[in-house]
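Undergrad: Quick one, data-v2.cif (mmCIF, C-alpha atoms):
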data_structure
loop_
_atom_site.label_atom_id
_atom_site.label_comp_id
_atom_site.auth_asym_id
_atom_site.auth_seq_id
_atom_site.Cartn_x
_atom_site.Cartn_y
_atom_site.Cartn_z
CA MET A 1 62.73 105.25 42.74
CA TRP A 2 65.90 103.99 41.07
CA ASN A 3 66.05 107.04 38.79
CA CYS A 4 65.57 109.43 41.68
CA LEU A 5 68.39 107.79 43.64
CA ILE A 6 70.70 108.01 40.63
CA VAL A 7 69.93 111.70 40.21
CA LEU A 8 70.63 112.47 43.87
CA VAL A 9 73.94 110.61 43.86
CA GLU A 10 74.92 112.28 40.59
CA ARG A 11 74.21 115.75 41.95
CA ALA A 12 76.10 115.09 45.16
CA THR A 13 79.05 113.70 43.27
CA TYR A 14 79.01 116.66 40.89
CA VAL A 15 79.18 119.09 43.78
CA LEU A 16 82.09 117.23 45.42
CA TYR A 17 84.22 116.11 42.50
CA GLY A 18 83.17 118.04 39.40
CA SER A 19 81.30 117.26 36.21
CA ARG A 20 83.84 114.77 34.83
CA PHE A 21 83.19 112.08 37.46
CA ALA A 22 79.45 112.84 37.45
CA PHE A 23 79.33 112.23 33.71
CA ARG A 24 81.03 108.86 34.15
CA VAL A 25 78.62 107.91 36.92
CA ASN A 26 75.64 108.99 34.86
CA MET A 27 76.68 106.80 31.97
CA ALA A 28 77.54 103.73 34.05
CA ALA A 29 74.85 103.85 36.73
CA PRO A 30 72.02 102.18 34.76
CA LEU A 31 74.36 99.29 33.91
CA MET A 32 75.45 98.31 37.42
CA PRO A 33 73.62 97.37 40.61
CA LEU A 34 73.38 99.82 43.48
CA GLN A 35 75.85 97.94 45.68
CA ARG A 36 78.57 98.01 43.03
CA PHE A 37 77.90 101.67 42.36
CA CYS A 38 78.33 102.60 46.02
CA LYS A 39 81.50 100.52 46.23
CA LEU A 40 82.96 102.35 43.21
CA ALA A 41 82.11 105.72 44.69
CA SER A 42 83.72 104.83 48.03
CA LEU A 43 86.90 103.66 46.30
CA HIS A 44 87.09 106.91 44.37
CA VAL A 45 86.65 108.95 47.56
CA CYS A 46 89.36 106.96 49.35
CA GLY A 47 91.68 107.44 46.41
CA ARG A 48 91.16 111.19 46.38
CA ARG A 49 91.75 111.35 50.16
CA ARG A 50 94.98 109.43 49.89
CA LEU A 51 96.09 111.79 47.10
CA TRP A 52 95.31 114.82 49.22
CA SER A 53 96.99 113.39 52.34
CA SER A 54 100.14 112.43 50.44
CA SER A 55 100.47 115.82 48.83
CA VAL A 56 99.55 118.12 51.72
CA ALA A 57 100.10 116.40 55.09
CA THR A 58 103.57 116.31 56.65
CA PRO A 59 105.02 113.03 57.94
CA PRO A 60 104.25 112.42 61.65
CA SER A 61 106.90 113.14 64.24
CA LEU A 62 108.88 110.48 66.06
CA TYR A 63 106.78 110.99 69.20
CA LYS A 64 103.52 110.43 67.32
CA ARG A 65 104.91 107.37 65.58
CA LEU A 66 105.98 105.98 68.95
CA LEU A 67 102.51 106.56 70.40
CA LEU A 68 100.96 104.91 67.36
CA ALA A 69 103.24 101.89 67.74
CA LEU A 70 102.38 101.58 71.43
CA THR A 71 98.68 101.88 70.64
CA GLN A 72 98.89 99.11 68.07
CA ARG A 73 100.81 96.93 70.59
CA PHE A 74 98.72 97.82 73.65
CA TYR A 75 97.62 94.29 74.47
CA ASP A 76 101.12 92.93 73.88
CA VAL A 77 102.58 95.43 76.34
CA GLU A 78 99.84 94.65 78.86
CA ILE A 79 100.59 90.92 78.62
CA LEU A 80 104.30 91.55 79.14
CA LEU A 81 103.63 93.70 82.21
CA ASN A 82 101.31 91.08 83.70
CA TRP A 83 103.88 88.40 83.00
CA ARG A 84 106.59 90.47 84.71
CA SER A 85 104.34 91.01 87.73
CA GLN A 86 103.61 87.29 88.00
CA LEU A 87 107.30 86.40 87.81
CA LYS A 88 108.10 88.95 90.52
CA SER A 89 105.35 87.57 92.74
CA GLN A 90 106.54 84.00 92.24
CA ALA A 91 110.14 84.96 93.03
CA LEU A 92 109.01 86.74 96.21
CA GLN A 93 106.93 83.74 97.27
CA LYS A 94 109.82 81.37 96.61
CA LYS A 95 112.23 83.50 98.62
CA ASN A 96 109.86 83.57 101.61
CA ALA A 97 108.93 79.89 101.40
CA TYR A 98 109.22 77.72 104.49
CA TYR A 99 112.54 75.85 104.70
CA HIS A 100 110.93 72.51 105.42
CA TYR A 101 113.79 70.35 104.15
CA THR A 102 116.40 72.18 106.24
CA GLN A 103 114.16 72.13 109.29
CA GLU A 104 113.52 68.41 108.94
CA HIS A 105 117.20 67.45 108.61
CA TYR A 106 118.99 70.09 110.72
CA GLY A 107 116.38 71.49 113.09
CA ASP A 108 114.52 74.76 113.58
CA ASN A 109 117.54 76.83 114.59
CA VAL A 110 119.66 75.97 111.55
CA ALA A 111 116.67 76.45 109.23
CA SER A 112 116.04 79.92 110.67
CA ALA A 113 119.71 80.87 110.37
CA TYR A 114 119.85 79.64 106.78
CA PHE A 115 116.74 81.63 105.88
CA ILE A 116 118.14 84.84 107.40
CA LEU A 117 121.45 84.54 105.56
CA ASN A 118 119.69 83.84 102.25
CA MET A 119 117.70 87.01 102.86
CA HIS A 120 121.00 88.93 103.23
CA GLY A 121 120.19 89.53 106.87
CA SER A 122 122.22 88.94 110.02
CA PHE A 123 121.72 87.31 113.42
CA ARG A 124 123.37 86.61 116.72
CA TYR A 125 123.07 83.52 118.86
CA ALA A 126 122.16 83.77 122.54
CA GLY A 127 125.25 83.93 124.73
CA GLN A 128 127.55 84.88 121.82
CA SER A 129 128.87 88.23 120.65
CA GLU A 130 129.61 87.23 117.04
CA TRP A 131 127.15 88.20 114.32
CA PHE A 132 126.59 85.96 111.31
CA ARG A 133 125.94 87.81 108.08
CA SER A 134 126.42 87.41 104.34
CA ASP A 135 128.74 89.61 102.30
CA SER A 136 127.79 91.89 99.42
CA SER A 137 127.81 88.98 96.96
CA GLY A 138 125.51 86.85 99.13
CA LYS A 139 128.19 84.42 100.34
CA PHE A 140 128.40 83.44 104.00
CA SER A 141 130.11 81.05 106.39
CA TRP A 142 128.50 77.67 107.04
CA ASP A 143 129.69 77.47 110.65
CA PHE A 144 126.12 77.94 111.87
CA VAL A 145 125.31 74.38 110.74
CA ASN A 146 127.36 73.06 113.65
CA GLN A 147 125.33 75.01 116.20
CA LYS A 148 122.06 73.11 116.11
CA ASP A 149 121.36 73.69 119.80
CA SER A 150 122.03 77.45 119.76
CA LEU A 151 119.01 79.74 119.82
CA LEU A 152 118.66 82.97 117.85
CA GLU A 153 118.41 86.02 120.07
CA GLU A 154 118.89 89.04 117.80
CA VAL A 155 117.85 89.19 114.14
CA ASP A 156 118.34 92.02 111.65
CA LEU A 157 116.30 91.67 108.45
CA GLY A 158 116.27 95.34 107.56
CA HIS A 159 115.88 96.29 103.89
CA THR A 160 115.05 92.74 102.80
CA VAL A 161 112.02 91.30 100.98
CA ILE A 162 110.66 89.37 103.96
CA ASN A 163 106.88 89.28 104.28
CA GLN A 164 104.36 87.74 106.65
CA MET A 165 104.91 84.28 105.14
CA GLY A 166 108.68 84.48 105.61
CA LEU A 167 108.27 85.28 109.31
CA GLY A 168 107.17 81.67 109.74
CA ASN A 169 110.82 80.65 109.36
CA LEU A 170 111.66 82.46 112.61
CA VAL A 171 109.04 80.72 114.74
CA GLY A 172 110.53 78.59 117.50
CA ASN A 173 113.34 81.00 118.40
CA PRO A 174 113.11 83.16 121.53
CA LEU A 175 113.85 86.40 119.70
CA ARG A 176 114.70 89.32 121.92
CA THR A 177 115.48 91.86 119.18
CA LEU A 178 114.00 92.03 115.68
CA SER A 179 114.68 94.69 113.06
CA LEU A 180 112.42 95.00 110.00
CA ARG A 181 113.54 98.49 109.09
CA GLY A 182 112.83 99.54 105.49
CA CYS A 183 111.14 96.27 104.47
CA HIS A 184 108.75 97.08 101.62
CA GLU A 185 106.89 93.77 101.93
CA VAL A 186 106.13 94.11 105.64
CA ASP A 187 102.51 95.13 106.13
CA ASP A 188 99.77 94.90 108.75
CA TRP A 189 99.45 91.14 108.24
CA ALA A 190 103.13 90.70 109.06
CA LEU A 191 102.78 92.68 112.29
CA ALA A 192 99.80 90.56 113.27
CA ARG A 193 102.00 87.46 113.06
CA LEU A 194 104.52 88.81 115.56
CA HIS A 195 102.32 87.62 118.41
CA VAL A 196 104.30 84.33 118.37
CA PHE A 197 107.19 86.28 119.99
CA GLN A 198 105.06 87.90 122.69
CA ASP A 199 106.87 86.11 125.54
CA THR A 200 110.41 87.09 124.50
CA LEU A 201 110.50 90.10 122.12
CA GLU A 202 111.82 93.25 123.79
CA GLU A 203 112.99 95.45 120.88
CA LEU A 204 111.24 95.94 117.55
CA ASP A 205 112.19 98.26 114.70
CA ILE A 206 109.56 98.71 111.95
CA SER A 207 110.60 102.16 110.79
CA CYS A 208 110.50 103.20 107.12
CA CYS A 209 108.04 100.43 106.15
CA PRO A 210 105.72 101.96 103.52
CA HIS A 211 102.77 99.57 103.94
CA ILE A 212 102.20 99.71 107.69
CA THR A 213 99.05 101.47 108.91
CA ILE A 214 97.45 102.08 112.27
CA GLY A 215 95.64 98.75 111.94
CA GLY A 216 98.91 96.86 112.03
CA LEU A 217 100.21 98.86 114.99
CA ALA A 218 97.13 97.92 116.97
CA ALA A 219 98.17 94.27 116.64
CA LEU A 220 101.32 95.00 118.69
CA ARG A 221 99.26 95.11 121.87
CA ASN A 222 100.05 91.40 122.35
CA LEU A 223 103.78 92.11 122.79
CA LYS A 224 103.62 92.73 126.53
CA ARG A 225 107.37 92.34 127.04
CA LEU A 226 108.22 94.98 124.45
CA ARG A 227 110.52 97.70 125.83
CA ARG A 228 111.64 99.60 122.71
CA LEU A 229 109.60 100.27 119.59
CA ASN A 230 110.70 102.33 116.58
CA VAL A 231 107.87 103.54 114.33
CA SER A 232 109.72 106.38 112.60
CA SER A 233 108.93 107.47 109.02
CA LEU A 234 105.82 105.41 108.30
CA PRO A 235 104.29 107.21 105.28
CA ARG A 236 100.82 105.66 105.60
CA LEU A 237 100.43 106.59 109.23
CA GLY A 238 97.68 109.17 109.64
CA SER A 239 97.64 111.47 112.68
CA PRO A 240 101.01 110.25 114.00
CA GLY A 241 100.73 112.26 117.22
CA LEU A 242 97.54 110.51 118.23
CA VAL A 243 98.94 107.14 117.17
CA ILE A 244 101.98 107.61 119.41
CA ILE A 245 99.70 108.42 122.33
CA MET A 246 97.71 105.26 121.60
CA LEU A 247 100.91 103.16 121.51
CA GLU A 248 102.13 104.58 124.81
CA GLU A 249 98.81 103.79 126.44
CA MET A 250 98.67 100.33 124.87
CA LEU A 251 102.30 99.51 125.85
CA PRO A 252 102.98 101.52 129.00
CA LEU A 253 106.38 99.89 129.67
CA CYS A 254 107.65 100.48 126.11
CA GLN A 255 109.75 103.40 124.91
CA VAL A 256 108.30 104.54 121.56
CA THR A 257 110.61 106.27 119.05
CA ALA A 258 108.87 108.25 116.34
CA LYS A 259 110.99 110.48 114.10
CA GLY A 260 110.12 112.06 110.79
CA TYR A 261 106.69 113.38 111.78
CA ASP A 262 105.23 116.79 112.39
CA LEU A 263 104.11 116.55 116.01
CA SER A 264 103.34 120.22 116.50
CA LEU A 265 100.36 121.39 118.50
CA THR A 266 98.84 122.87 115.33
CA GLN A 267 98.60 119.51 113.68
CA LEU A 268 97.21 117.84 116.79
CA GLY A 269 94.62 120.58 117.18
CA GLY A 270 93.61 120.35 113.54
CA ASN A 271 93.17 116.59 113.69
#
Would you kindly transcribe this structure into structure tokens?
TA:
Amino acid sequence: MWNCLIVLVERATYVLYGSRFAFRVNMAAPLMPLQRFCKLASLHVCGRRRLWSSSVATPPSLYKRLLLALTQRFYDVEILLNWRSQLKSQALQKKNAYYHYTQEHYGDNVASAYFILNMHGSFRYAGQSEWFRSDSSGKFSWDFVNQKDSLLEEVDLGHTVINQMGLGNLVGNPLRTLSLRGCHEVDDWALARLHVFQDTLEELDISCCPHITIGGLAALRNLKRLRRLNVSSLPRLGSPGLVIIMLEEMLPLCQVTAKGYDLSLTQLGGN
């Protein structure tokens, strides 16, 4: 059996690499075990392949080398991306955290005002015409601290990172107008939490919010005092014509504004 195996390996090696290597194998095979013989043959094959590749193949392009580097560092890149996502989530949670210390020492109204200004939003007290807002660098006047008994009436948090948890900082104020225009963190859960303003809220702007669906709009049925509602440019809103009809039936005293949709009869008929 041993002799037959040697003959087969010798013939195969002769066909691949010529008589010179076969002669060496034939002379050395009876003196070495089979494992060592196979190891020697594999090393010879690898050496010939490296010689061929170095003499014939062209060096890889910069694009291929970049892909190879990313492939070798795939798990490192994945860890970095996960770490970045966690840091972003923690920063968002911290920014929307409840201002318990401010509320405990200065009251609900001052805590709400401080939260809005830190969010780069603006507000107006009831019975006043002046709006409090931060500048482009995030700085603002601290005069609101002296108005502990003043209630917030109009709040503009458009294009901020407020979410459903941050809305808890506004509870306790009889808001009449609330703008959440272009808030990327406002979703259906945030709209469901607006029921705390059902006795006072008259104007609501939730236009250009990319995560609002028809499920969140259905939660607005609790806002019975609502008189103006802006639902323009909601990208995840399917069949906007039918949704507007539903809102008008659900809130018969409310004027619904819906721009940025195709409300043609063709679309309604197709749906």
Undergrad: Would you write out, as a ChimeraX atom specification, every residue that the PyMOL selection byres ((chain A and resi 211-228) around 6) captures in this file?
TA: /A:187-188,191-192,195,198,201-203,209-210,229,236-237,254-255
Undergrad: In Å to one decimal, how far is atom CA of A:Tyr261 from atom CA of A:Cys208?
TA: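 The value is 11.8 Å.
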Undergrad: Go through A:Ser239, A:Gln72, A:Asn96, A:Gln90 one by one, measure the shortest atom-to-atom distance of each to A:Gly166 using all atoms listed in the file, and give the residue with the smallest value.
TA: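 Once distances to A:Gly166 are computed over all atoms listed in the file, the minimum belongs to A:Asn96.
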Undergrad: If you measure from atom CA of A:Val186 to atom CA of A:Thr160, what distance in Å do you get, rounded to one decimal?
TA: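 If I compute the distance from atom CA of A:Val186 to atom CA of A:Thr160, I get 9.5 Å.
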Undergrad: Exactly which residues make up the result of the PyMOL selection byres ((chain A and resi 171-173) around 8) on this file, given as a VMD selection string?
TA: chain A and resid 108 to 109 151 to 153 167 to 170 174 to 175 196 to 197
Undergrad: Measure the distance from atom CA of A:Ala258 to atom CA of A:Val161 in Å and round it to one decimal.
TA: 23.1 Å
Undergrad: Here is a test: counting all atoms listed in the file, which residue of A:Asp149, A:Asp135, A:Glu78, A:Glu249 is nearest to A:Gly107?
TA: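 That would be A:Asp149, the residue with the smallest distance to A:Gly107.
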Undergrad: Please expand the PyMOL selection byres ((chain A and resi 116-129) around 8) into the concrete residues it hits in this file, giving the result as a list in words.
TA: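 When the PyMOL selection byres ((chain A and resi 116-129) around 8) is applied, the selected residues are Lys95, Ser112, Ala113, Tyr114, Phe115, Glu130, Trp131, Phe132, Arg133, Ser134, Asp135, Gly138, Phe140, Ser150, Leu151, Leu152, Glu153, Glu154, Val155, Asp156, Leu157, Gly158, Thr160, Val161 and Ile162 of chain A.
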Undergrad: Choose the residue, out of A:Ile244, A:Cys183, A:Leu81, A:Val110, that has the smallest atom-to-atom separation from A:Val256; count all atoms listed in the file.
TA: A:Ile244
Undergrad: Can you take the partial stretch 205-238 of chain A, add N, CA and C atoms, and return it as a JSON list (two decimals), keeping the file's coordinate frame?
TA:
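The resulting file, rebuild01.json, is shown below:
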[["chain", "number", "residue", "atom", "x", "y", "z"],
["A", 205, "ASP", "N", 111.97, 97.11, 115.58],
["A", 205, "ASP", "CA", 112.19, 98.26, 114.70],
["A", 205, "ASP", "C", 111.42, 98.03, 113.40],
["A", 206, "ILE", "N", 110.36, 98.80, 113.18],
["A", 206, "ILE", "CA", 109.56, 98.71, 111.95],
["A", 206, "ILE", "C", 109.53, 100.06, 111.23],
["A", 207, "SER", "N", 110.56, 100.84, 111.41],
["A", 207, "SER", "CA", 110.60, 102.16, 110.79],
["A", 207, "SER", "C", 110.79, 102.05, 109.28],
["A", 208, "CYS", "N", 110.32, 103.08, 108.58],
["A", 208, "CYS", "CA", 110.50, 103.20, 107.12],
["A", 208, "CYS", "C", 109.86, 102.05, 106.35],
["A", 209, "CYS", "N", 108.80, 101.47, 106.87],
["A", 209, "CYS", "CA", 108.04, 100.43, 106.15],
["A", 209, "CYS", "C", 106.83, 101.09, 105.51],
["A", 210, "PRO", "N", 106.74, 101.14, 104.19],
["A", 210, "PRO", "CA", 105.72, 101.96, 103.52],
["A", 210, "PRO", "C", 104.31, 101.41, 103.58],
["A", 211, "HIS", "N", 104.10, 100.16, 103.99],
["A", 211, "HIS", "CA", 102.77, 99.57, 103.94],
["A", 211, "HIS", "C", 102.14, 99.36, 105.31],
["A", 212, "ILE", "N", 102.74, 99.87, 106.34],
["A", 212, "ILE", "CA", 102.20, 99.71, 107.69],
["A", 212, "ILE", "C", 101.23, 100.85, 107.99],
["A", 213, "THR", "N", 100.07, 100.50, 108.53],
["A", 213, "THR", "CA", 99.05, 101.47, 108.91],
["A", 213, "THR", "C", 98.76, 101.33, 110.40],
["A", 214, "ILE", "N", 97.81, 102.12, 110.86],
["A", 214, "ILE", "CA", 97.45, 102.08, 112.27],
["A", 214, "ILE", "C", 96.81, 100.74, 112.65],
["A", 215, "GLY", "N", 96.22, 100.07, 111.66],
["A", 215, "GLY", "CA", 95.64, 98.75, 111.94],
["A", 215, "GLY", "C", 96.68, 97.73, 112.32],
["A", 216, "GLY", "N", 97.84, 97.78, 111.67],
["A", 216, "GLY", "CA", 98.91, 96.86, 112.03],
["A", 216, "GLY", "C", 99.53, 97.19, 113.37],
["A", 217, "LEU", "N", 99.64, 98.48, 113.70],
["A", 217, "LEU", "CA", 100.21, 98.86, 114.99],
["A", 217, "LEU", "C", 99.33, 98.42, 116.14],
["A", 218, "ALA", "N", 98.04, 98.38, 115.91],
["A", 218, "ALA", "CA", 97.13, 97.92, 116.97],
["A", 218, "ALA", "C", 97.37, 96.46, 117.31],
["A", 219, "ALA", "N", 97.90, 95.68, 116.37],
["A", 219, "ALA", "CA", 98.17, 94.27, 116.64],
["A", 219, "ALA", "C", 99.36, 94.07, 117.56],
["A", 220, "LEU", "N", 100.15, 95.12, 117.81],
["A", 220, "LEU", "CA", 101.32, 95.00, 118.69],
["A", 220, "LEU", "C", 100.95, 94.99, 120.16],
["A", 221, "ARG", "N", 99.67, 95.11, 120.47],
["A", 221, "ARG", "CA", 99.26, 95.11, 121.87],
["A", 221, "ARG", "C", 99.55, 93.78, 122.56],
["A", 222, "ASN", "N", 99.75, 92.71, 121.77],
["A", 222, "ASN", "CA", 100.05, 91.40, 122.35],
["A", 222, "ASN", "C", 101.49, 91.29, 122.84],
["A", 223, "LEU", "N", 102.36, 92.18, 122.41],
["A", 223, "LEU", "CA", 103.78, 92.11, 122.79],
["A", 223, "LEU", "C", 103.98, 92.80, 124.13],
["A", 224, "LYS", "N", 103.60, 92.13, 125.19],
["A", 224, "LYS", "CA", 103.62, 92.73, 126.53],
["A", 224, "LYS", "C", 105.03, 92.94, 127.07],
["A", 225, "ARG", "N", 105.99, 92.20, 126.56],
["A", 225, "ARG", "CA", 107.37, 92.34, 127.04],
["A", 225, "ARG", "C", 108.17, 93.36, 126.25],
["A", 226, "LEU", "N", 107.52, 94.03, 125.30],
["A", 226, "LEU", "CA", 108.22, 94.98, 124.45],
["A", 226, "LEU", "C", 108.66, 96.20, 125.27],
["A", 227, "ARG", "N", 109.96, 96.57, 125.09],
["A", 227, "ARG", "CA", 110.52, 97.70, 125.83],
["A", 227, "ARG", "C", 110.95, 98.84, 124.91],
["A", 228, "ARG", "N", 111.25, 98.55, 123.66],
["A", 228, "ARG", "CA", 111.64, 99.60, 122.71],
["A", 228, "ARG", "C", 110.93, 99.33, 121.39],
["A", 229, "LEU", "N", 110.33, 100.37, 120.85],
["A", 229, "LEU", "CA", 109.60, 100.27, 119.59],
["A", 229, "LEU", "C", 109.92, 101.49, 118.74],
["A", 230, "ASN", "N", 110.36, 101.25, 117.51],
["A", 230, "ASN", "CA", 110.70, 102.33, 116.58],
["A", 230, "ASN", "C", 109.68, 102.34, 115.46],
["A", 231, "VAL", "N", 108.89, 103.39, 115.38],
["A", 231, "VAL", "CA", 107.87, 103.54, 114.33],
["A", 231, "VAL", "C", 108.13, 104.81, 113.52],
["A", 232, "SER", "N", 109.37, 105.15, 113.33],
["A", 232, "SER", "CA", 109.72, 106.38, 112.60],
["A", 232, "SER", "C", 109.45, 106.23, 111.10],
["A", 233, "SER", "N", 109.05, 107.34, 110.49],
["A", 233, "SER", "CA", 108.93, 107.47, 109.02],
["A", 233, "SER", "C", 108.04, 106.39, 108.42],
["A", 234, "LEU", "N", 106.82, 106.30, 108.90],
["A", 234, "LEU", "CA", 105.82, 105.41, 108.30],
["A", 234, "LEU", "C", 104.89, 106.28, 107.45],
["A", 235, "PRO", "N", 105.01, 106.26, 106.13],
["A", 235, "PRO", "CA", 104.29, 107.21, 105.28],
["A", 235, "PRO", "C", 102.77, 107.06, 105.31],
["A", 236, "ARG", "N", 102.27, 105.88, 105.61],
["A", 236, "ARG", "CA", 100.82, 105.66, 105.60],
["A", 236, "ARG", "C", 100.19, 105.83, 106.98],
["A", 237, "LEU", "N", 100.93, 106.40, 107.88],
["A", 237, "LEU", "CA", 100.43, 106.59, 109.23],
["A", 237, "LEU", "C", 99.75, 107.95, 109.33],
["A", 238, "GLY", "N", 98.42, 107.94, 109.49],
["A", 238, "GLY", "CA", 97.68, 109.17, 109.64],
["A", 238, "GLY", "C", 97.62, 109.61, 111.10]]
